[in-house]
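**Q** Contents of run.csv (CSV, C-alpha atoms and all ligand atoms) are given next:
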chain,number,residue,atom,x,y,z
M,1,MET,CA,171.8,33.1,41.1
M,2,SER,CA,173.4,36.5,41.6
M,3,SER,CA,172.8,38.5,44.8
M,4,GLU,CA,171.1,41.1,42.7
M,5,ASN,CA,168.5,38.6,41.6
M,6,THR,CA,168.0,37.4,45.2
M,7,TYR,CA,167.4,41.0,46.2
M,8,ASN,CA,164.9,41.6,43.5
M,9,ARG,CA,162.9,38.6,44.6
M,10,LYS,CA,162.4,40.1,48.1
M,11,LEU,CA,159.2,41.9,48.8
M,12,HIS,CA,159.8,45.5,49.9
M,13,ILE,CA,157.4,46.3,52.7
M,14,GLY,CA,157.2,49.7,54.3
M,15,VAL,CA,155.7,50.7,57.6
M,16,LEU,CA,154.7,54.4,57.8
M,17,ALA,CA,156.9,55.6,60.7
M,18,LEU,CA,155.6,59.1,61.6
M,19,GLN,CA,154.0,58.2,64.9
M,20,GLY,CA,152.5,55.1,66.6
M,21,ASP,CA,153.6,51.5,66.9
M,22,PHE,CA,155.5,51.1,63.7
M,23,GLU,CA,158.4,49.3,65.4
M,24,ALA,CA,156.0,46.5,66.5
M,25,HIS,CA,154.9,46.1,62.9
M,26,LEU,CA,158.4,45.9,61.6
M,27,LYS,CA,159.2,43.2,64.1
M,28,ALA,CA,156.0,41.3,63.4
M,29,LEU,CA,156.6,41.4,59.6
M,30,ARG,CA,160.1,40.0,60.0
M,31,GLU,CA,158.8,37.2,62.3
M,32,ALA,CA,156.0,36.4,59.9
M,33,ALA,CA,158.5,36.3,57.0
M,34,ALA,CA,160.9,34.1,58.9
M,35,THR,CA,158.0,31.7,59.7
M,36,SER,CA,156.6,31.5,56.2
M,37,GLY,CA,159.9,31.6,54.3
M,38,ILE,CA,158.8,34.7,52.3
M,39,GLU,CA,161.9,36.9,51.8
M,40,ILE,CA,161.2,40.5,52.7
M,41,GLU,CA,163.0,43.8,53.2
M,42,ALA,CA,161.0,45.7,55.9
M,43,LYS,CA,161.7,49.4,56.4
M,44,ALA,CA,160.4,52.5,58.2
M,45,ILE,CA,159.0,55.1,55.8
M,46,ARG,CA,159.2,58.8,56.5
M,47,LEU,CA,160.0,60.3,53.1
M,48,PRO,CA,158.1,60.5,49.8
M,49,THR,CA,161.1,59.1,47.9
M,50,GLN,CA,161.0,55.9,50.0
M,51,LEU,CA,157.6,55.1,48.5
M,52,GLU,CA,159.1,54.4,45.1
M,53,ASP,CA,160.2,50.8,45.3
M,54,LEU,CA,157.6,49.5,47.7
M,55,ASP,CA,155.5,46.3,47.1
M,56,GLY,CA,153.3,47.0,50.1
M,57,ILE,CA,152.9,49.4,53.1
M,58,ILE,CA,151.3,49.2,56.6
M,59,ILE,CA,149.8,52.3,58.1
M,60,PRO,CA,150.1,51.6,61.9
M,61,GLY,CA,148.0,52.4,64.9
M,62,GLY,CA,148.6,55.5,66.9
M,63,GLU,CA,146.7,58.7,66.8
M,64,SER,CA,145.0,59.3,63.4
M,65,THR,CA,144.9,63.1,63.8
M,66,THR,CA,148.6,63.2,64.5
M,67,ILE,CA,149.6,60.8,61.8
M,68,GLY,CA,147.5,62.8,59.3
M,69,LYS,CA,149.1,66.1,60.3
M,70,LEU,CA,152.6,64.6,60.0
M,71,MET,CA,151.8,63.1,56.6
M,72,VAL,CA,151.2,66.6,55.4
M,73,MET,CA,154.3,68.0,57.1
M,74,TYR,CA,156.5,65.3,55.5
M,75,GLY,CA,154.9,65.8,52.1
M,76,LEU,CA,153.6,62.2,52.2
M,77,GLN,CA,149.8,62.6,52.0
M,78,GLU,CA,149.3,63.2,48.3
M,79,PRO,CA,152.0,60.8,47.0
M,80,LEU,CA,151.0,58.0,49.4
M,81,LYS,CA,147.3,58.5,48.6
M,82,GLN,CA,148.1,58.2,44.9
M,83,LYS,CA,150.1,55.0,45.4
M,84,VAL,CA,147.3,53.5,47.5
M,85,GLN,CA,144.7,54.4,44.9
M,86,GLU,CA,146.9,53.1,42.1
M,87,GLY,CA,147.0,49.6,43.7
M,88,LEU,CA,149.8,49.5,46.2
M,89,PRO,CA,148.8,46.8,48.7
M,90,THR,CA,148.1,48.7,51.9
M,91,TRP,CA,147.1,47.5,55.4
M,92,GLY,CA,145.7,50.0,58.0
M,93,THR,CA,145.5,49.0,61.6
M,94,CYS,CA,143.4,51.0,64.0
M,95,ALA,CA,144.4,54.6,63.4
M,96,GLY,CA,145.7,53.4,60.0
M,97,LEU,CA,142.3,52.0,59.2
M,98,ILE,CA,140.7,55.4,60.0
M,99,LEU,CA,143.2,57.1,57.7
M,100,LEU,CA,142.3,54.6,54.9
M,101,ALA,CA,138.5,55.0,55.2
M,102,LYS,CA,136.6,57.1,52.7
M,103,GLU,CA,134.1,58.1,55.4
M,104,THR,CA,134.8,58.9,59.0
M,105,ASP,CA,132.6,60.3,61.8
M,106,ASN,CA,132.6,64.1,62.5
M,107,GLY,CA,135.6,63.9,64.7
M,108,LEU,CA,137.9,64.0,61.6
M,109,ILE,CA,136.3,66.7,59.5
M,110,GLY,CA,139.1,68.7,58.0
M,111,GLN,CA,141.8,66.1,59.0
M,112,PRO,CA,144.2,64.9,56.3
M,113,LEU,CA,143.3,61.3,55.3
M,114,LEU,CA,144.1,58.8,52.6
M,115,ALA,CA,140.4,58.3,52.0
M,116,SER,CA,140.7,55.3,49.7
M,117,MET,CA,138.8,52.3,51.2
M,118,ASP,CA,135.0,52.0,50.7
M,119,ILE,CA,134.1,51.8,54.3
M,120,SER,CA,132.8,54.2,57.0
M,121,VAL,CA,134.4,54.2,60.4
M,122,ARG,CA,133.7,55.7,63.8
M,123,ARG,CA,136.6,56.6,66.0
M,124,ASN,CA,136.9,55.6,69.6
M,125,ALA,CA,133.7,53.7,69.2
M,126,PHE,CA,133.9,51.4,72.1
M,127,GLY,CA,133.3,54.0,74.8
M,128,SER,CA,135.0,54.3,78.1
M,129,GLN,CA,134.1,50.8,79.5
M,130,ARG,CA,135.6,48.9,76.7
M,131,GLU,CA,137.9,51.5,75.2
M,132,SER,CA,140.7,48.8,75.4
M,133,PHE,CA,140.0,45.1,75.6
M,134,GLU,CA,141.2,41.8,74.2
M,135,THR,CA,139.1,39.0,72.7
M,136,ASP,CA,139.4,35.8,70.6
M,137,LEU,CA,138.1,36.5,67.1
M,138,SER,CA,137.1,34.0,64.5
M,139,VAL,CA,138.9,35.0,61.3
M,140,PRO,CA,138.1,32.3,58.7
M,141,VAL,CA,140.8,33.5,56.2
M,142,LEU,CA,143.4,32.7,58.8
M,143,GLY,CA,142.2,29.2,59.5
M,144,LYS,CA,140.2,27.6,62.3
M,145,ALA,CA,142.1,28.7,65.4
M,146,PRO,CA,140.8,32.0,66.8
M,147,PHE,CA,143.0,35.1,66.6
M,148,HIS,CA,143.7,36.9,69.9
M,149,ALA,CA,142.9,40.5,69.1
M,150,PHE,CA,143.9,43.6,71.1
M,151,PHE,CA,141.6,46.6,70.7
M,152,ILE,CA,143.2,49.8,71.9
M,153,ARG,CA,140.8,52.7,71.7
M,154,GLY,CA,139.9,51.3,68.3
M,155,PRO,CA,137.4,52.4,65.7
M,156,VAL,CA,134.5,50.3,64.4
M,157,ILE,CA,133.5,49.8,60.8
M,158,GLU,CA,130.0,51.0,60.5
M,159,GLY,CA,129.4,50.6,56.8
M,160,VAL,CA,131.0,48.7,53.9
M,161,GLY,CA,130.7,49.1,50.2
M,162,PRO,CA,129.7,46.3,47.8
M,163,GLU,CA,133.3,45.3,46.9
M,164,VAL,CA,134.4,45.0,50.6
M,165,GLU,CA,134.8,41.6,52.1
M,166,THR,CA,134.2,41.3,55.9
M,167,LEU,CA,137.0,39.2,57.4
M,168,ALA,CA,136.0,39.3,61.1
M,169,LYS,CA,133.2,40.5,63.4
M,170,LEU,CA,132.7,40.7,67.1
M,171,ASP,CA,130.1,38.5,68.7
M,172,ASP,CA,127.6,41.4,68.5
M,173,GLY,CA,128.1,41.7,64.7
M,174,THR,CA,130.4,44.7,64.8
M,175,ILE,CA,132.7,44.5,61.8
M,176,VAL,CA,136.4,44.8,62.8
M,177,ALA,CA,138.4,43.4,59.8
M,178,VAL,CA,137.9,44.0,56.1
M,179,ARG,CA,139.5,43.6,52.7
M,180,GLU,CA,138.8,45.4,49.5
M,181,GLY,CA,141.1,44.0,46.8
M,182,HIS,CA,144.6,45.3,47.6
M,183,LEU,CA,143.4,47.1,50.8
M,184,LEU,CA,143.3,45.4,54.2
M,185,GLY,CA,141.9,47.0,57.4
M,186,THR,CA,141.8,45.9,61.0
M,187,ALA,CA,140.3,47.8,63.9
M,188,PHE,CA,142.7,46.0,66.3
M,189,HIS,CA,146.4,45.5,66.6
M,190,PRO,CA,147.7,42.2,65.2
M,191,GLU,CA,151.3,43.4,65.6
M,192,VAL,CA,151.1,42.9,69.4
M,193,SER,CA,149.4,39.5,69.5
M,194,GLY,CA,152.5,37.4,68.9
M,195,ASP,CA,150.5,35.5,66.2
M,196,PRO,CA,152.1,36.0,62.8
M,197,ARG,CA,149.0,34.9,60.8
M,198,PHE,CA,147.7,38.4,59.9
M,199,HIS,CA,151.1,39.6,58.8
M,200,ASP,CA,151.5,36.4,56.8
M,201,TYR,CA,148.1,37.0,55.2
M,202,PHE,CA,149.2,40.6,54.2
M,203,LEU,CA,152.5,39.3,52.8
M,204,ARG,CA,150.6,36.8,50.6
M,205,LEU,CA,148.3,39.5,49.5
M,206,VAL,CA,151.3,41.6,48.5
M,207,GLN,CA,152.8,38.5,46.7
M,208,SER,CA,149.6,37.9,44.8
M,209,VAL,CA,149.4,41.6,43.6
M,210,LYS,CA,153.1,41.5,42.6
M,211,SER,CA,152.9,38.3,40.5
M,301,LIG,N1,141.9,56.4,69.0
M,301,LIG,C1,142.9,56.5,67.9
M,301,LIG,C2,142.5,57.4,66.8
M,301,LIG,O1,141.4,57.8,66.8
M,301,LIG,C3,143.3,55.1,67.4
M,301,LIG,C4,143.9,54.3,68.4
M,301,LIG,C5,144.9,53.3,67.9
M,301,LIG,O2,145.4,53.4,66.8
M,301,LIG,N2,145.2,52.4,68.8
M,301,LIG,O3,143.2,57.7,65.9
Have the structure of the file written as structure tokens, please.
**A**
Amino acid sequence: MSSENTYNRKLHIGVLALQGDFEAHLKALREAAATSGIEIEAKAIRLPTQLEDLDGIIIPGGESTTIGKLMVMYGLQEPLKQKVQEGLPTWGTCAGLILLAKETDNGLIGQPLLASMDISVRRNAFGSQRESFETDLSVPVLGKAPFHAFFIRGPVIEGVGPEVETLAKLDDGTIVAVREGHLLGTAFHPEVSGDPRFHDYFLRLVQSVKS
């Protein structure tokens, strides 16, 4: 097989790299790919032209207001929103989940968003006591073993539309991971857990959309 064919088989995965913990996602993607044997090309995305040949994209955690403003400055908001709504597999973590949500609490009125997933979220919803915490989550789509999840001033998902599948909840019933077809959202940070299963799940989602 020619090297060109080998290249074409690879999944091209972008991580929006305007602000936040995009480096950790790039690393986690490469580790998950190495573990599962899925061939990928993972790259940091800062320019609209880089969206062209992507098979999937991750919107990382950070500060949703800052990422939103930078998306506008870099001319990325409209082309990215269009790609996401046309079916590009997209995973938002924490701030990235807020950017993906169709509805957010008042804190984001007037902020640039991608507004594509049928969920409503509330920013910084855990209050000062539990603003940041870690916990073992049951995530049935990842298998039996619990997933150790880091919540870092995360949002909660307060409402989900009829097409949205809940992937994980806290013990008190709060929804913290969701999927709606080609869209994936987590209120926590799987890229820092050292467990490749969520990145692997996203790569398989990308594969299933591509094939
Ligand atoms: N509190 C941040 C926001 O509202 C999200 C925090 C995070 O991504 N870790 O955008």
**Q** For Leu76 of chain M, list every protein, DNA or RNA residue within 10 Å, evaluated using all atoms listed in the file, and leave out those in the same chain fewer than 6 positions away; present the list as a list in words.
**A**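 So, after excluding close chain neighbours, the residues are Leu16, Ile45, Arg46, Leu47, Pro48, Thr49, Gln50, Leu51, Gly68, Leu70 and Gln82 of chain M.
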**Q** Taking only C-alpha atoms and all ligand atoms into account, which residues are within 10 Å of ligand LIG 301 (chain M), as a PyMOL selection string?
**A** chain M and resi 20-21+59-68+92-99+107-108+122-126+131-132+150-155+187-189
**Q** Given the point (138.8, 43.8, 44.4) in the file's coordinates, find the residues that have an atom at most 8 Å from it, counting only C-alpha atoms, and give them as a PyMOL selection string.
**A** chain M and resi 163-164+180-182
**Q** Using all atoms listed in the file, I'd like a table of the residues in segment 113-199 of chain M that come within 10 Å of segment 32-36 of chain M; for each, show the closest atom pair and its distance in Å rounded to one decimal, ordered by chain and ascending number, as a tab-separated table.
**A**
residue	atom	partner	partner_atom	distance
M:Gly194	CA	M:Ala32	CA	9.7
M:Asp195	CA	M:Ala32	CA	8.4
M:Pro196	CA	M:Ala32	CA	4.9
M:Arg197	CA	M:Ala32	CA	7.2
M:Phe198	CA	M:Ala32	CA	8.5
M:His199	CA	M:Ala32	CA	6.0
**Q** Could you tell me which of M:Val156, M:Val176, M:Leu54, M:Val206 comes closest to Asp105 of chain M if we count all atoms listed in the file?
**A**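 Counting all atoms listed in the file, the residue closest to Asp105 of chain M is M:Val156.
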**Q** What does the distance from atom CA of Leu137 of chain M to atom CA of Ser208 of chain M come to in Å, to one decimal?
**A** 25.1 Å
**Q** Between atom CA of Ile38 of chain M and atom CA of Asp55 of chain M, what is the distance, to one decimal in Å?
**A**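 Pair atom CA of Ile38 of chain M / atom CA of Asp55 of chain M returns 13.1 Å.
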**Q** Distance atom CA of Arg204 of chain M-atom CA of Gly56 of chain M, one decimal place?
**A**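 For atom CA of Arg204 of chain M relative to atom CA of Gly56 of chain M, the distance reads 10.6 Å.
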**Q** Choose the residue, out of M:Leu203, M:Ala42, M:Leu100, M:Ile119, that has the smallest atom-to-atom separation from Ala17 of chain M; count all atoms listed in the file.
**A**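 Checking each candidate against Ala17 of chain M, we get M:Ala42 as the closest.
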**Q** Please, which residues are within 7 Å of (135.6, 53.9, 54.5) by the file's coordinates, counting all atoms listed in the file, and could they come as a list in words?
**A**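 All residues meeting the 7 Å criterion around (135.6, 53.9, 54.5) are Leu100, Ala101, Lys102, Glu103, Thr104, Ala115, Met117, Asp118, Ile119, Ser120, Val121 and Val160 of chain M.
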**Q** From the list M:Ala24, M:Met71, M:Val192, M:Ile57, which residue is nearest Lys83 of chain M when using all atoms listed in the file?
**A**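 Using all atoms listed in the file, the shortest distance to Lys83 of chain M belongs to M:Ile57.
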**Q** For each of M:Asp53, M:Glu191, M:Gln129, M:Val209, take the minimum atom-to-atom distance to Glu41 of chain M, counting only C-alpha atoms, then give the residue where this is smallest.
**A**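 Of M:Asp53, M:Glu191, M:Gln129, M:Val209, the one nearest Glu41 of chain M is M:Asp53, counting only C-alpha atoms.
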**Q** Considering only C-alpha atoms, can you say which of M:Gly173, M:Gly143, M:Pro190, M:Pro112 comes closest to Ile157 of chain M?
**A**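 Among the listed residues, the smallest separation from Ile157 of chain M belongs to M:Gly173.
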**Q** Counting only C-alpha atoms, figure out which residue out of M:Lys43, M:Arg130, M:Lys169, M:Lys144 gets nearest to Leu11 of chain M.
**A**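 Checking each candidate against Leu11 of chain M, we get M:Lys43 as the closest.
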